[in-house]
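Colleague: Quick one: this structure, given as structure tokens, is what I'll be asking you about.
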Amino acid sequence: MSFVRLATCNLNQWAMDLRGNLSRVCASIADAKAAGCTFRTGPELELSGYGCEDAFLEPDTFTHSWEMLAELLSSSLSEGILCDIGMPVLHRNVAYNARVLVLNRKVLGIRPKICLANDGNYREMRYFTPWYISPDRPGFGELEEYFLPRSIRQVTGQVKVPIGIFAIAAADTAIGFESCEELFTPLAPHIGLSLDGVEIIANGSGSHHQLRKLQTRIDLVRGATEKAGGVYLYANHKGCDGGRLYFDGCAMVWVNGMLVAQGSQFEGLDEVETVVATVSLADVRAKRANFISRSYQVGQVAARACTCRALACASPVLPAERAVPRIIHFLP
């Protein structure tokens with residue numbers, strides 16, 4: 001059987017405390033590596049903090065977030081572990097709420113958020129723009145080129161990386177990404193990703209507490225993995241980040257509709273809570289292969305192409321040096 005060891009986390013981040021936020025991100029990666037994990041995901045906008053509000057309208061917030069990521073890449077923390085990190089990104093003078101994928105001191109790509117939370121206490125569209133995908137064409141749209149800032153170029157030697165909706169292909173599995181609100185939408189990205197063979201999906205969230213909202217999140221993740229099969233990692237902030245809201249953590253790992261690991265919701269004063277699980281990819285494949293209606297729908301989804309890059313992607317099962325360097329581009 002193919003086993004994979006994965007990590008998600010609750011982090012007690014603070015808005016605009018970039019140095020402190022970086023230290024907690026690094027601590028969670030160190031915890032994951034110490035536990036033998038080769039993939040780690042973290043909360044939404046974890047480097048800057050979620051509740052920066054109008055500070056997201058200042059270019060310095062984006063610049064300093066990249067500087068913090070450059071410090072992480074200057075260390076050995078990302079060696080041998082694929083890290084999914086939440087931070088704000090400015091692309092063609094447009095602000096995006098994004099996930100940045102790093103491995104072995106390199107940036108693999110940038111995954112911007114498609115659906116922004118803009119109801120209740122959320123005002124994400126005041127600060128960010130949703131990544132545009134044409135409704136006239138199937139799939140997740142084209143990948144674009146993102147030119148990295150000087151702080152990253154000096155550390156990695158890279159000039160540009162892909163930005164858009166993609167999955168990371170390892171030697172023996174594929175990993176896709178959602179971000180908070182996208183899980184709540186009727187046509188959530190995990191549906192298309194799962195049908196196209198992505199077996200592990202990571203969701204970095206900034207979800208605050210309100211009555212029965214945790215049950216909603218649990219129902220959504222359970223339903224996503226029970227119906228489509230697969231592994232789903234959920235990460236969240238925990239505590240008050242300096243604004244009006246309290247984030248209630250509860251990082252989780254689900255497999256095929258079953259909860260296999262869960263972090264705390266309120267208790268504890270810990271700044272970093274890393275949740276680790278060992279899951280079987282064989283169980284995912286067996287469930288999907290025996291669901292004939294799903295198999296029929298797989299033939300109706302958009303085709304995908306694999307584009308090789310100069311970067312090796314870590315395999316959740318095999319050592320990084322044996323991995324296959326691929327970014328999966330979902331063709332429009």
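How things are named: the first chain in the structure tokens is A, the next is B, and so on; residues count from 1 in each chain; ligands count from 1 in the order shown.
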Can you list, as a PyMOL selection string, all residues belonging to stretch 29-102 of chain A that DSSP tags as strand (DSSP E or B)?

Modeller: chain A and resi 39-41+82-91+94-102

Colleague: Output N, CA and C atoms for every residue in that selection, as an mmCIF file, in the first residue's frame.

Modeller:
data_model
loop_
_atom_site.group_PDB
_atom_site.id
_atom_site.type_symbol
_atom_site.label_atom_id
_atom_site.label_comp_id
_atom_site.auth_asym_id
_atom_site.auth_seq_id
_atom_site.Cartn_x
_atom_site.Cartn_y
_atom_site.Cartn_z
ATOM 1 N N PHE A 39 4.737 16.887 3.002
ATOM 2 C CA PHE A 39 3.860 17.976 2.552
ATOM 3 C C PHE A 39 3.277 18.666 3.763
ATOM 4 N N ARG A 40 3.260 20.004 3.704
ATOM 5 C CA ARG A 40 2.701 20.817 4.797
ATOM 6 C C ARG A 40 1.864 21.949 4.204
ATOM 7 N N THR A 41 0.678 22.153 4.741
ATOM 8 C CA THR A 41 -0.144 23.293 4.357
ATOM 9 C C THR A 41 -0.421 24.161 5.572
ATOM 10 N N LEU A 82 7.377 19.667 0.561
ATOM 11 C CA LEU A 82 6.590 20.602 -0.231
ATOM 12 C C LEU A 82 5.738 21.432 0.717
ATOM 13 N N CYS A 83 5.852 22.750 0.635
ATOM 14 C CA CYS A 83 5.147 23.649 1.553
ATOM 15 C C CYS A 83 4.167 24.537 0.787
ATOM 16 N N ASP A 84 2.955 24.590 1.278
ATOM 17 C CA ASP A 84 1.875 25.407 0.722
ATOM 18 C C ASP A 84 1.665 26.576 1.684
ATOM 19 N N ILE A 85 2.050 27.774 1.244
ATOM 20 C CA ILE A 85 2.109 28.939 2.139
ATOM 21 C C ILE A 85 1.171 30.040 1.640
ATOM 22 N N GLY A 86 0.361 30.579 2.556
ATOM 23 C CA GLY A 86 -0.593 31.625 2.200
ATOM 24 C C GLY A 86 -0.007 33.012 2.365
ATOM 25 N N MET A 87 -0.144 33.867 1.314
ATOM 26 C CA MET A 87 0.372 35.234 1.367
ATOM 27 C C MET A 87 -0.262 36.074 0.265
ATOM 28 N N PRO A 88 -0.251 37.395 0.412
ATOM 29 C CA PRO A 88 -0.766 38.262 -0.655
ATOM 30 C C PRO A 88 0.261 38.403 -1.774
ATOM 31 N N VAL A 89 -0.231 38.461 -3.010
ATOM 32 C CA VAL A 89 0.645 38.545 -4.178
ATOM 33 C C VAL A 89 0.098 39.597 -5.132
ATOM 34 N N LEU A 90 0.990 40.427 -5.655
ATOM 35 C CA LEU A 90 0.635 41.456 -6.629
ATOM 36 C C LEU A 90 1.121 41.013 -8.002
ATOM 37 N N HIS A 91 0.176 40.825 -8.935
ATOM 38 C CA HIS A 91 0.508 40.343 -10.284
ATOM 39 C C HIS A 91 -0.110 41.287 -11.313
ATOM 40 N N VAL A 94 -2.338 43.823 -9.892
ATOM 41 C CA VAL A 94 -3.594 43.348 -9.322
ATOM 42 C C VAL A 94 -3.280 42.545 -8.072
ATOM 43 N N ALA A 95 -3.998 42.818 -6.985
ATOM 44 C CA ALA A 95 -3.751 42.134 -5.715
ATOM 45 C C ALA A 95 -4.538 40.834 -5.652
ATOM 46 N N TYR A 96 -3.830 39.751 -5.320
ATOM 47 C CA TYR A 96 -4.457 38.444 -5.188
ATOM 48 C C TYR A 96 -4.170 37.844 -3.815
ATOM 49 N N ASN A 97 -5.158 37.141 -3.302
ATOM 50 C CA ASN A 97 -5.023 36.304 -2.112
ATOM 51 C C ASN A 97 -4.526 34.949 -2.635
ATOM 52 N N ALA A 98 -3.317 34.550 -2.302
ATOM 53 C CA ALA A 98 -2.698 33.443 -3.031
ATOM 54 C C ALA A 98 -2.058 32.409 -2.119
ATOM 55 N N ARG A 99 -1.788 31.266 -2.725
ATOM 56 C CA ARG A 99 -0.983 30.203 -2.133
ATOM 57 C C ARG A 99 0.315 30.132 -2.926
ATOM 58 N N VAL A 100 1.441 30.085 -2.227
ATOM 59 C CA VAL A 100 2.745 29.973 -2.883
ATOM 60 C C VAL A 100 3.331 28.620 -2.516
ATOM 61 N N LEU A 101 3.697 27.841 -3.523
ATOM 62 C CA LEU A 101 4.226 26.494 -3.321
ATOM 63 C C LEU A 101 5.740 26.526 -3.410
ATOM 64 N N VAL A 102 6.402 26.034 -2.355
ATOM 65 C CA VAL A 102 7.863 26.048 -2.321
ATOM 66 C C VAL A 102 8.384 24.664 -1.976
#

Colleague: Pick out the residues sitting within 12 Å of A:Arg24, and hand them over as a list in words; count only C-alpha atoms, and ignore anything fewer than 6 positions along from it in its own chain.

Modeller: Cys9, Asn10, Leu11, Asn12, Gln13, Trp14, Asp17, Leu18, Ala30, Asp31, Gly42, Pro43, Glu46, Leu47, Ser48, Gly49, Met68, Leu72, Ile85, His237, Asp270, Glu271, Val272, Glu273 and Thr274 of chain A

Colleague: Restricting the output to N, CA, C and O atoms, write the selected residues as a compact mmCIF listing (two decimals), in the first residue's frame.

Modeller:
# COMPACT_ATOMS: atom_id res chain seq x y z
N CYS A 9 -2.06 22.64 10.01
CA CYS A 9 -1.77 23.32 11.29
C CYS A 9 -2.79 24.40 11.62
O CYS A 9 -3.50 24.91 10.75
N ASN A 10 -2.88 24.71 12.91
CA ASN A 10 -3.50 25.93 13.42
C ASN A 10 -2.37 26.88 13.82
O ASN A 10 -1.46 26.46 14.55
N LEU A 11 -2.43 28.12 13.37
CA LEU A 11 -1.42 29.10 13.75
C LEU A 11 -2.08 30.33 14.37
O LEU A 11 -3.09 30.82 13.86
N ASN A 12 -1.51 30.83 15.45
CA ASN A 12 -2.01 32.03 16.11
C ASN A 12 -1.25 33.24 15.54
O ASN A 12 -0.34 33.77 16.16
N GLN A 13 -1.65 33.67 14.32
CA GLN A 13 -0.96 34.76 13.64
C GLN A 13 -1.54 36.12 14.02
O GLN A 13 -2.66 36.22 14.53
N TRP A 14 -0.74 37.15 13.76
CA TRP A 14 -1.15 38.52 14.06
C TRP A 14 -1.03 39.38 12.80
O TRP A 14 -0.05 39.26 12.06
N ASP A 17 2.28 41.37 11.80
CA ASP A 17 3.43 40.90 12.58
C ASP A 17 4.22 39.93 11.70
O ASP A 17 4.29 38.73 11.98
N LEU A 18 4.82 40.44 10.65
CA LEU A 18 5.42 39.56 9.65
C LEU A 18 6.56 38.72 10.22
O LEU A 18 6.69 37.54 9.89
N ALA A 30 8.98 22.95 10.63
CA ALA A 30 9.95 22.15 11.38
C ALA A 30 9.25 20.98 12.08
O ALA A 30 9.76 19.85 12.11
N ASP A 31 8.07 21.24 12.66
CA ASP A 31 7.30 20.16 13.29
C ASP A 31 6.94 19.08 12.28
O ASP A 31 7.03 17.88 12.57
N GLY A 42 -0.70 25.44 5.35
CA GLY A 42 -0.94 26.38 6.45
C GLY A 42 -2.11 27.30 6.15
O GLY A 42 -2.71 27.24 5.06
N PRO A 43 -2.47 28.17 7.09
CA PRO A 43 -3.66 29.01 6.95
C PRO A 43 -3.57 30.03 5.81
O PRO A 43 -2.51 30.30 5.25
N GLU A 46 -1.10 33.52 5.81
CA GLU A 46 -0.42 33.27 7.08
C GLU A 46 0.82 34.15 7.28
O GLU A 46 1.20 34.43 8.41
N LEU A 47 1.48 34.55 6.21
CA LEU A 47 2.68 35.38 6.39
C LEU A 47 2.34 36.81 6.80
O LEU A 47 2.98 37.38 7.69
N SER A 48 1.35 37.39 6.18
CA SER A 48 0.97 38.78 6.50
C SER A 48 0.03 38.84 7.69
O SER A 48 -0.03 39.84 8.40
N GLY A 49 -0.73 37.75 7.92
CA GLY A 49 -1.86 37.79 8.83
C GLY A 49 -3.12 38.04 8.01
O GLY A 49 -3.08 38.75 6.99
N MET A 68 9.80 37.99 3.80
CA MET A 68 9.71 36.91 4.78
C MET A 68 9.85 35.55 4.11
O MET A 68 10.53 34.65 4.63
N LEU A 72 12.67 32.41 4.59
CA LEU A 72 12.37 30.98 4.73
C LEU A 72 13.17 30.18 3.70
O LEU A 72 13.75 29.14 4.01
N ILE A 85 2.05 27.77 1.24
CA ILE A 85 2.11 28.94 2.14
C ILE A 85 1.17 30.04 1.64
O ILE A 85 1.19 30.39 0.46
N HIS A 237 -6.43 29.66 10.98
CA HIS A 237 -5.88 30.50 12.04
C HIS A 237 -6.56 30.13 13.36
O HIS A 237 -7.64 29.54 13.38
N ASP A 270 -1.26 27.60 22.82
CA ASP A 270 -0.13 27.33 21.93
C ASP A 270 -0.19 28.23 20.69
O ASP A 270 -1.25 28.44 20.12
N GLU A 271 0.96 28.72 20.27
CA GLU A 271 1.05 29.55 19.08
C GLU A 271 1.03 28.70 17.80
O GLU A 271 0.57 29.17 16.77
N VAL A 272 1.53 27.50 17.91
CA VAL A 272 1.64 26.60 16.75
C VAL A 272 1.09 25.24 17.14
O VAL A 272 1.54 24.65 18.12
N GLU A 273 0.13 24.75 16.38
CA GLU A 273 -0.41 23.41 16.60
C GLU A 273 -0.36 22.67 15.27
O GLU A 273 -1.13 22.98 14.35
N THR A 274 0.54 21.73 15.15
CA THR A 274 0.72 20.99 13.91
C THR A 274 0.00 19.65 14.00
O THR A 274 0.16 18.91 14.97

Colleague: Neighbours of A:Lys213 within 12 Å (only C-alpha atoms; same-chain residues fewer than 3 positions away dropped), as a ChimeraX atom specification?

Modeller: /A:184,207-210,216-220,247-250,265

Colleague: Could those selected residues go to a file with C-alpha atoms, as an mmCIF file, in the first residue's frame?

Modeller:
data_model
loop_
_atom_site.group_PDB
_atom_site.id
_atom_site.type_symbol
_atom_site.label_atom_id
_atom_site.label_comp_id
_atom_site.auth_asym_id
_atom_site.auth_seq_id
_atom_site.Cartn_x
_atom_site.Cartn_y
_atom_site.Cartn_z
ATOM 1 C CA PHE A 184 -18.271 26.649 0.403
ATOM 2 C CA SER A 207 -12.361 31.056 9.054
ATOM 3 C CA HIS A 208 -13.594 32.854 12.171
ATOM 4 C CA HIS A 209 -15.850 31.438 14.838
ATOM 5 C CA GLN A 210 -19.592 31.724 14.751
ATOM 6 C CA THR A 216 -20.672 23.445 8.414
ATOM 7 C CA ARG A 217 -16.973 23.112 7.619
ATOM 8 C CA ILE A 218 -16.947 19.510 8.830
ATOM 9 C CA ASP A 219 -20.017 18.666 6.722
ATOM 10 C CA LEU A 220 -18.476 20.242 3.616
ATOM 11 C CA PHE A 247 -10.483 32.296 14.555
ATOM 12 C CA ASP A 248 -11.311 28.872 15.920
ATOM 13 C CA GLY A 249 -8.646 26.636 14.415
ATOM 14 C CA CYS A 250 -9.722 23.008 14.133
ATOM 15 C CA GLN A 265 -10.862 24.624 18.406
#

Colleague: Of the residues A:Arg126, A:Ile163, A:Asp283, A:Tyr296, which is the one nearest to A:Gly141, using only C-alpha atoms?

Modeller: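 The answer is A:Ile163, which sits nearest to A:Gly141.
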
Colleague: Need the shell around A:Val253: protein/DNA/RNA residues with any atom at most 6 Å away, counting only C-alpha atoms. Skip same-chain ones fewer than 3 positions apart. Format as an MDAnalysis selection string?

Modeller: chainID A and resid 232:233 260:261

Colleague: With distances taken over only C-alpha atoms, which residue among A:Gly139, A:Tyr146, A:Ser151, A:Gln215 lies nearest A:Ile191?

Modeller: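 Closest to A:Ile191, using only C-alpha atoms: A:Gly139.
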
Colleague: Could you pull out all residues of stretch 30-262 of chain A with a DSSP call of helix (DSSP H, G or I) and give them as a ChimeraX atom specification?

Modeller: /A:30-34,53-57,59-74,124-126,150-156,181-184,189-195,213-228

Colleague: Hey, can you spit out that residue selection with C-alpha atoms as a compact mmCIF listing (two decimals), in the first residue's frame?

Modeller:
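This is the output file result-v3.txt:
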# COMPACT_ATOMS: atom_id res chain seq x y z
CA ALA A 30 9.95 22.15 11.38
CA ASP A 31 7.30 20.16 13.29
CA ALA A 32 6.09 18.57 10.06
CA LYS A 33 9.61 17.60 9.01
CA ALA A 34 10.38 16.18 12.44
CA GLU A 53 -7.59 45.17 6.34
CA ASP A 54 -6.53 48.38 4.53
CA ALA A 55 -2.86 47.50 4.95
CA PHE A 56 -3.56 45.19 1.98
CA LEU A 57 -3.98 48.38 -0.05
CA PRO A 59 2.36 47.81 -1.65
CA ASP A 60 4.72 47.43 1.33
CA THR A 61 2.56 44.61 2.71
CA PHE A 62 3.23 42.58 -0.42
CA THR A 63 6.93 43.50 -0.52
CA HIS A 64 7.53 42.55 3.11
CA SER A 65 5.61 39.27 2.70
CA TRP A 66 7.99 38.30 -0.11
CA GLU A 67 10.94 39.30 2.08
CA MET A 68 9.71 36.91 4.78
CA LEU A 69 9.36 34.13 2.23
CA ALA A 70 12.91 34.87 1.04
CA GLU A 71 14.15 34.33 4.59
CA LEU A 72 12.37 30.98 4.73
CA LEU A 73 13.91 29.96 1.39
CA SER A 74 17.34 31.02 2.61
CA GLU A 124 -12.05 40.34 0.79
CA MET A 125 -13.11 42.10 -2.41
CA ARG A 126 -12.18 45.43 -0.85
CA ARG A 150 14.26 40.86 -6.37
CA SER A 151 14.29 39.51 -2.80
CA ILE A 152 13.37 36.04 -4.12
CA ARG A 153 15.57 36.18 -7.22
CA GLN A 154 18.61 36.86 -5.07
CA VAL A 155 17.95 33.74 -2.99
CA THR A 156 16.68 31.21 -5.54
CA GLU A 181 -14.40 30.26 0.59
CA GLU A 182 -13.93 28.03 -2.43
CA LEU A 183 -14.89 25.01 -0.33
CA PHE A 184 -18.27 26.65 0.40
CA PRO A 189 -12.56 23.47 -7.34
CA HIS A 190 -12.09 20.15 -5.56
CA ILE A 191 -14.80 18.62 -7.78
CA GLY A 192 -12.87 19.14 -11.01
CA LEU A 193 -9.56 18.41 -9.36
CA SER A 194 -10.80 15.10 -7.97
CA LEU A 195 -12.32 14.03 -11.28
CA LYS A 213 -19.91 27.22 11.54
CA LEU A 214 -17.44 24.49 12.48
CA GLN A 215 -20.15 21.90 11.85
CA THR A 216 -20.67 23.45 8.41
CA ARG A 217 -16.97 23.11 7.62
CA ILE A 218 -16.95 19.51 8.83
CA ASP A 219 -20.02 18.67 6.72
CA LEU A 220 -18.48 20.24 3.62
CA VAL A 221 -15.13 18.45 3.91
CA ARG A 222 -16.80 15.17 4.81
CA GLY A 223 -19.09 15.50 1.80
CA ALA A 224 -16.24 16.42 -0.54
CA THR A 225 -14.15 13.39 0.37
CA GLU A 226 -17.04 10.98 0.82
CA LYS A 227 -18.51 11.71 -2.60
CA ALA A 228 -15.38 12.25 -4.70

Colleague: Would you mind listing what lies within 8 Å of A:Ile201 as JSON, numbers by chain, with only C-alpha atoms counted and same-chain residues fewer than 3 positions away left out?

Modeller: {"A": [175, 176, 177, 178, 190, 198, 230, 231, 232, 233]}

Colleague: Enter the distance from atom CA of A:Gly206 to atom CA of A:Glu145, in Å, rounded to one decimal.

Modeller: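 Interatomic distance here is 27.0 Å.
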
Colleague: Which residues are near A:Gly51? Cut-off 8 Å, only C-alpha atoms, ignore same chain within fewer than 3 positions. Put them as a ChimeraX atom specification.

Modeller: /A:14-15,241-243

Colleague: Can you tell me how far atom CA of A:Phe3 sits from atom CA of A:Ser280, in Å to one decimal?

Modeller: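 Answer for the atom CA of A:Phe3 to atom CA of A:Ser280 separation: 4.5 Å.
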
Colleague: Using only C-alpha atoms, which residue out of A:Val255, A:Thr185, A:Pro138, A:Ile200 lies closest to A:Ala170?

Modeller: A:Ile200

Colleague: Between A:Val276, A:Ala171, A:Cys180, A:Leu269, single out the one closest to A:Leu116, counting only C-alpha atoms.

Modeller: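 For A:Leu116, the nearest of the candidates is A:Cys180.
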